[in-house]
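Engineer: What follows is a single structure, and I will ask about it in a moment.
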Amino acid sequence: MKKHTFSRCIVVFCILEMAAMQVWSMRIASHNSFLVTGLLTANHTVFGGELLLICLKRIFEKNKGDDDVRKE
């Protein structure tokens with residue numbers, strides 16, 4: 001598996017899971033009039049944090065072949 005393929009899979013999984021949880025909680029709230037804000041807050045915090053960590057990893061990673069010092 002390539003380096004960025006796993007990261008892309010994780011991003012797609014996190015977004016799909018968050019969307020599915022949102023739809024599921026709206027269904028529960030409409031049928032039973034329960035408040036599901038605690039469930040959504042915990043879910044979106046965990047998976048949103050995972051997306052943030054992947055984003056920061058991609059921003060701050062250094063390529064092995066590139067150096068910061070110019071070679072002249």
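Numbering starts fresh at 1 for the residues of each chain in the structure tokens, the chains themselves are lettered A, B, ... in the order given, and ligands are numbered from 1 as they appear.
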Can you tell me, as a PyMOL selection string, which residues in range 25-70 of chain A count as helix (DSSP H, G or I) by DSSP?
Structural biologist: chain A and resi 25-32+37-60
Engineer: Keeping only N, CA and C atoms, write the selected residues as an mmCIF file, in the first residue's frame.
Structural biologist:
data_model
loop_
_atom_site.group_PDB
_atom_site.id
_atom_site.type_symbol
_atom_site.label_atom_id
_atom_site.label_comp_id
_atom_site.auth_asym_id
_atom_site.auth_seq_id
_atom_site.Cartn_x
_atom_site.Cartn_y
_atom_site.Cartn_z
ATOM 1 N N SER A 25 -28.492 9.832 14.251
ATOM 2 C CA SER A 25 -28.930 10.585 15.425
ATOM 3 C C SER A 25 -30.127 11.480 15.100
ATOM 4 N N MET A 26 -30.204 12.010 13.874
ATOM 5 C CA MET A 26 -31.387 12.795 13.494
ATOM 6 C C MET A 26 -32.625 11.903 13.455
ATOM 7 N N ARG A 27 -32.461 10.657 13.035
ATOM 8 C CA ARG A 27 -33.579 9.719 13.027
ATOM 9 C C ARG A 27 -34.048 9.412 14.448
ATOM 10 N N ILE A 28 -33.098 9.208 15.344
ATOM 11 C CA ILE A 28 -33.458 8.953 16.750
ATOM 12 C C ILE A 28 -34.152 10.168 17.343
ATOM 13 N N ALA A 29 -33.625 11.347 17.071
ATOM 14 C CA ALA A 29 -34.206 12.566 17.629
ATOM 15 C C ALA A 29 -35.607 12.831 17.081
ATOM 16 N N SER A 30 -35.848 12.498 15.813
ATOM 17 C CA SER A 30 -37.169 12.760 15.249
ATOM 18 C C SER A 30 -38.214 11.757 15.738
ATOM 19 N N HIS A 31 -37.831 10.508 15.958
ATOM 20 C CA HIS A 31 -38.798 9.496 16.387
ATOM 21 C C HIS A 31 -39.066 9.537 17.894
ATOM 22 N N ASN A 32 -38.037 9.772 18.681
ATOM 23 C CA ASN A 32 -38.180 9.657 20.132
ATOM 24 C C ASN A 32 -38.049 10.978 20.870
ATOM 25 N N THR A 37 -27.123 15.277 21.548
ATOM 26 C CA THR A 37 -25.971 16.165 21.405
ATOM 27 C C THR A 37 -24.713 15.593 22.055
ATOM 28 N N GLY A 38 -24.850 14.889 23.152
ATOM 29 C CA GLY A 38 -23.685 14.289 23.799
ATOM 30 C C GLY A 38 -23.030 13.236 22.931
ATOM 31 N N LEU A 39 -23.850 12.415 22.301
ATOM 32 C CA LEU A 39 -23.343 11.380 21.413
ATOM 33 C C LEU A 39 -22.644 11.993 20.202
ATOM 34 N N LEU A 40 -23.265 13.001 19.608
ATOM 35 C CA LEU A 40 -22.673 13.647 18.432
ATOM 36 C C LEU A 40 -21.403 14.409 18.783
ATOM 37 N N THR A 41 -21.385 15.045 19.938
ATOM 38 C CA THR A 41 -20.193 15.784 20.348
ATOM 39 C C THR A 41 -19.008 14.853 20.525
ATOM 40 N N ALA A 42 -19.226 13.746 21.201
ATOM 41 C CA ALA A 42 -18.141 12.785 21.407
ATOM 42 C C ALA A 42 -17.679 12.185 20.087
ATOM 43 N N ASN A 43 -18.603 11.810 19.233
ATOM 44 C CA ASN A 43 -18.264 11.197 17.952
ATOM 45 C C ASN A 43 -17.512 12.174 17.057
ATOM 46 N N HIS A 44 -18.019 13.388 16.921
ATOM 47 C CA HIS A 44 -17.374 14.363 16.049
ATOM 48 C C HIS A 44 -16.031 14.833 16.616
ATOM 49 N N THR A 45 -15.880 14.825 17.926
ATOM 50 C CA THR A 45 -14.596 15.183 18.518
ATOM 51 C C THR A 45 -13.536 14.134 18.199
ATOM 52 N N VAL A 46 -13.888 12.872 18.341
ATOM 53 C CA VAL A 46 -12.923 11.803 18.082
ATOM 54 C C VAL A 46 -12.522 11.763 16.613
ATOM 55 N N PHE A 47 -13.496 11.729 15.736
ATOM 56 C CA PHE A 47 -13.177 11.590 14.320
ATOM 57 C C PHE A 47 -12.687 12.901 13.706
ATOM 58 N N GLY A 48 -13.158 14.027 14.212
ATOM 59 C CA GLY A 48 -12.619 15.313 13.767
ATOM 60 C C GLY A 48 -11.182 15.494 14.222
ATOM 61 N N GLY A 49 -10.855 15.021 15.414
ATOM 62 C CA GLY A 49 -9.477 15.053 15.886
ATOM 63 C C GLY A 49 -8.574 14.185 15.048
ATOM 64 N N GLU A 50 -9.073 13.045 14.627
ATOM 65 C CA GLU A 50 -8.305 12.163 13.745
ATOM 66 C C GLU A 50 -8.020 12.857 12.412
ATOM 67 N N LEU A 51 -9.019 13.528 11.855
ATOM 68 C CA LEU A 51 -8.820 14.267 10.608
ATOM 69 C C LEU A 51 -7.825 15.413 10.790
ATOM 70 N N LEU A 52 -7.896 16.080 11.937
ATOM 71 C CA LEU A 52 -6.958 17.168 12.214
ATOM 72 C C LEU A 52 -5.528 16.656 12.320
ATOM 73 N N LEU A 53 -5.332 15.533 12.988
ATOM 74 C CA LEU A 53 -3.992 14.971 13.110
ATOM 75 C C LEU A 53 -3.422 14.545 11.765
ATOM 76 N N ILE A 54 -4.253 13.961 10.910
ATOM 77 C CA ILE A 54 -3.785 13.593 9.572
ATOM 78 C C ILE A 54 -3.429 14.830 8.772
ATOM 79 N N CYS A 55 -4.251 15.869 8.893
ATOM 80 C CA CYS A 55 -3.982 17.117 8.176
ATOM 81 C C CYS A 55 -2.665 17.730 8.645
ATOM 82 N N LEU A 56 -2.441 17.785 9.936
ATOM 83 C CA LEU A 56 -1.190 18.351 10.457
ATOM 84 C C LEU A 56 0.011 17.505 10.058
ATOM 85 N N LYS A 57 -0.161 16.199 10.024
ATOM 86 C CA LYS A 57 0.925 15.314 9.597
ATOM 87 C C LYS A 57 1.297 15.598 8.155
ATOM 88 N N ARG A 58 0.307 15.769 7.297
ATOM 89 C CA ARG A 58 0.577 16.048 5.883
ATOM 90 C C ARG A 58 1.210 17.419 5.694
ATOM 91 N N ILE A 59 0.835 18.392 6.515
ATOM 92 C CA ILE A 59 1.381 19.744 6.383
ATOM 93 C C ILE A 59 2.840 19.785 6.810
ATOM 94 N N PHE A 60 3.158 19.143 7.930
ATOM 95 C CA PHE A 60 4.484 19.280 8.515
ATOM 96 C C PHE A 60 5.455 18.158 8.153
#
Engineer: If I take CA of Ala20 in chain A and CA of Thr5 in chain A, how far is one from the other in Å, to one decimal?
Structural biologist: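 We find that CA of Ala20 in chain A and CA of Thr5 in chain A lie 22.4 Å from each other.
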Engineer: Would you work out the distance separating CA of Cys14 in chain A from CA of Glu61 in chain A, expressed in Å to one decimal?
Structural biologist: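 Rounded to one decimal, the two atoms are 21.2 Å apart.
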Engineer: In Å, with one decimal, what is the gap from CA of Asn63 in chain A to CA of Phe6 in chain A?
Structural biologist: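 These two atoms are separated by 17.5 Å.
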